[in-house]
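Engineer: Take a look at the following structure, please.
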Amino acid sequence: MEPKQIKEGYLVKKGTVLNSWKVVWVVLSDDGVEFFKRKADSAPKGMMPLKGAVLTSPCQDFSKRALVFKLSTAKNQDHFFQATHLEERESWVKDIKRAITCLQGGVKFARKSTRRSIRLPDTINLSELCILMRDQENGVKEQKLEKEKRVYNHCFTGGMVVDWLISKDKARNRPEALMLATGLLNEGFLQPAGDVSKQGVEGGAVSTVLDEPNALYYFADSGFFCEGYSSDEDVIVKDEFRGNIVKQGCLLKQGHRRKNWKVRKFILRNDPAYIHYYDPTKGDEYPLGSIHLRGSVITAVEFVPDAKRYDVDGNLFEIITSDETHYFLQAATSEERKEWIKAIHTVSKTGK
């Protein structure tokens with residue numbers, strides 16, 4: 001019987017021989033995980049059987065990489081994957097865990113709604129706690145903080161998190177508040193920003209969130225970005241990051257100079273209307289570029305010059321900016337293409 005395909009998409013994977021991280025196309029079936037160098041490839045670069053496998057998420061083995069999960073096969077081979085945002089990681093983890101459970105029980109794969117597993121008392125709901133923390137009026141206040149010749153935008157200190165948890169009666173004392181904050185960090189709701197907080201994660205202490213003014217953190221999927229000392233010319237660039245995230249994920253993008261295609265992580269923001277793109281192997285602190293969407297035209301296309309040469313076909317769309325710059329992109333599925341076109345079109349017209 002042919003394996004049943006459950007899920008597919010782009011993830012960042014750590015090499016098994018070299019320590020480099022690269023974007024791969026991943027296909028989850030009911031009995032294994034295959035990964036391909038490119039989506040168009042017919043033969044996988046590797047395959048991990050799920051029988052007897054163990055999934056670890058969140059994986060804290062890499063202090064400078066967030067949203068990593070580890071798949072350990074029955075032969076004790078470890079494979080590390082990194083998602084581009086929290087919802088993506090949770091979706092992959094849930095489906096892989098379910099596939100493993102179904103294999104162990106000898107039953108067919110079927111999605112089942114399960115409560116997020118957290119290593120805290122049952123009375124604590126980290127998801128609800130994070131929503132309260134992000135409240136504009138009564139939550140933890142995001143700030144612009146300068147540390148070691150860098151400016152960190154939309155972030156806060158570990159001490160601010162601890163103070164908030166105690167003031168809102170979520171914790172009785174600072175050690176208890178630190179354990180809660182560590183749970184939020186481990187589950188990916190909080191992310192470390194800067195060397196001090198990242199060293200705290202790497203240190204392996206029981207509490208990985210540091211209660212000190214130099215330890216900076218930010219909410220996952222927020223408007224966080226980091227910059228060095230900059231000139232007046234950068235003011236417009238900084239302003240691009242004000243808006244809330246509307247949609248994010250990996251797309252294939254055609255380069256303007258060499259016309260080659262590479263996987264990039266895209267983050268669509270509103271007010272102002274911008275879409276930024278990043279190297280998905282390097283995080284979200286430094287974008288490779290941005291597209292100003294006001295006055296843009298977004299359309300589905302069936303053909304792109306030079307696309308065939310790179311085995312790129314199907315689910316293509318184009319953004320034409322107000323200054324007539326053309327951007328060609330490819331989504332993973334036709335449904336995803338529709339979602340991106342609709343979201344970008346709405347933001348470009350309304351800013352929302």
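Please note that chains go A, B, ... in the order of the structure tokens, that every chain numbers its residues from 1, and that ligands are numbered from 1 in the order shown.
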Among region 59-132 of chain A, which ones does DSSP place in strand (DSSP E or B), written as a PyMOL selection string?

Structural biologist: chain A and resi 68-72+78-82

Engineer: For Lys37 (chain A), find every residue with an atom within 10 Å (counting only C-alpha atoms), except residues of its own chain fewer than 4 positions away, and show them as a PyMOL selection string.

Structural biologist: chain A and resi 22-26+41-46

Engineer: Out of A:Ala331, A:Val12, A:Gly194, A:Ile341, which residue has the shortest atom-to-atom distance to Lys149 (chain A) when counting only C-alpha atoms?

Structural biologist: A:Gly194

Engineer: Find the distance between CA of Gly15 (chain A) and CA of Gly314 (chain A) and write it in Å to one decimal.

Structural biologist: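 The value is 28.4 Å.
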
Engineer: Determine the nearest neighbour of Cys250 (chain A) from the options A:Thr84, A:Asn153, A:Thr281, A:Asn173, counting only C-alpha atoms.

Structural biologist: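 Once distances to Cys250 (chain A) are computed over only C-alpha atoms, the minimum belongs to A:Thr84.
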
Engineer: When you look at Glu176 (chain A) with a cut-off of 10 Å (counting only C-alpha atoms), what residues show up, excluding the ones that are within fewer than 5 positions of it in the same chain? I need them as a ChimeraX atom specification.

Structural biologist: /A:162,165-166,170-171,181-182,207

Engineer: As an mmCIF file with N, CA and C atoms, in the first residue's frame, please: the residues near Phe156 (chain A) (cut-off 10 Å, only C-alpha atoms, same-chain neighbours under 6 positions excluded).

Structural biologist:
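The resulting file, selection34.cif, is shown below:
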data_model
loop_
_atom_site.group_PDB
_atom_site.id
_atom_site.type_symbol
_atom_site.label_atom_id
_atom_site.label_comp_id
_atom_site.auth_asym_id
_atom_site.auth_seq_id
_atom_site.Cartn_x
_atom_site.Cartn_y
_atom_site.Cartn_z
ATOM 1 N N VAL A 140 2.608 43.642 28.752
ATOM 2 C CA VAL A 140 4.013 44.047 28.845
ATOM 3 C C VAL A 140 4.292 45.071 27.748
ATOM 4 N N LYS A 141 4.839 46.201 28.110
ATOM 5 C CA LYS A 141 5.050 47.281 27.149
ATOM 6 C C LYS A 141 6.304 47.023 26.303
ATOM 7 N N GLU A 142 6.112 46.979 24.990
ATOM 8 C CA GLU A 142 7.245 46.837 24.076
ATOM 9 C C GLU A 142 7.975 48.171 23.968
ATOM 10 N N GLN A 143 9.299 48.131 23.978
ATOM 11 C CA GLN A 143 10.090 49.346 24.003
ATOM 12 C C GLN A 143 11.180 49.323 22.942
ATOM 13 N N LYS A 144 11.802 50.468 22.760
ATOM 14 C CA LYS A 144 12.976 50.600 21.902
ATOM 15 C C LYS A 144 14.174 50.762 22.826
ATOM 16 N N LEU A 145 15.029 49.737 22.891
ATOM 17 C CA LEU A 145 16.122 49.713 23.856
ATOM 18 C C LEU A 145 17.464 49.647 23.142
ATOM 19 N N PRO A 192 14.607 35.181 22.590
ATOM 20 C CA PRO A 192 15.720 35.989 23.115
ATOM 21 C C PRO A 192 16.238 36.952 22.060
ATOM 22 N N ALA A 193 16.619 38.138 22.504
ATOM 23 C CA ALA A 193 17.194 39.153 21.605
ATOM 24 C C ALA A 193 18.497 39.643 22.207
ATOM 25 N N PRO A 213 18.428 43.642 33.594
ATOM 26 C CA PRO A 213 18.112 44.688 32.608
ATOM 27 C C PRO A 213 18.783 44.520 31.254
ATOM 28 N N ASN A 214 19.867 43.756 31.163
ATOM 29 C CA ASN A 214 20.559 43.576 29.884
ATOM 30 C C ASN A 214 20.063 42.375 29.091
ATOM 31 N N ALA A 215 19.159 41.599 29.666
ATOM 32 C CA ALA A 215 18.605 40.429 28.976
ATOM 33 C C ALA A 215 17.316 40.848 28.274
ATOM 34 N N LEU A 216 17.340 40.860 26.946
ATOM 35 C CA LEU A 216 16.213 41.353 26.159
ATOM 36 C C LEU A 216 15.448 40.205 25.505
ATOM 37 N N TYR A 217 14.134 40.411 25.367
ATOM 38 C CA TYR A 217 13.264 39.403 24.774
ATOM 39 C C TYR A 217 12.204 40.102 23.924
ATOM 40 N N TYR A 218 11.542 39.333 23.073
ATOM 41 C CA TYR A 218 10.453 39.888 22.278
ATOM 42 C C TYR A 218 9.404 38.809 22.030
ATOM 43 N N PHE A 219 8.194 39.246 21.695
ATOM 44 C CA PHE A 219 7.123 38.305 21.384
ATOM 45 C C PHE A 219 7.345 37.707 20.001
#

Engineer: Which residues, written as a PyMOL selection string, have at least one atom at most 6 Å from Glu318 (chain A), with only C-alpha atoms counted and residues fewer than 5 positions away on the same chain left out?

Structural biologist: chain A and resi 298-299+327-328

Engineer: Write to file, as a compact mmCIF listing (two decimals), in the first residue's frame, the residues of the selection just made, with N, CA and C atoms.

Structural biologist:
# COMPACT_ATOMS: atom_id res chain seq x y z
N ILE A 298 -1.26 42.98 -7.93
CA ILE A 298 -0.91 41.58 -7.61
C ILE A 298 -1.78 40.67 -8.45
N THR A 299 -1.17 39.80 -9.23
CA THR A 299 -1.93 38.90 -10.10
C THR A 299 -1.31 37.51 -10.14
N TYR A 327 8.12 41.61 -9.25
CA TYR A 327 8.57 40.53 -8.37
C TYR A 327 7.78 39.27 -8.71
N PHE A 328 8.48 38.18 -9.03
CA PHE A 328 7.82 36.92 -9.34
C PHE A 328 8.02 35.95 -8.18
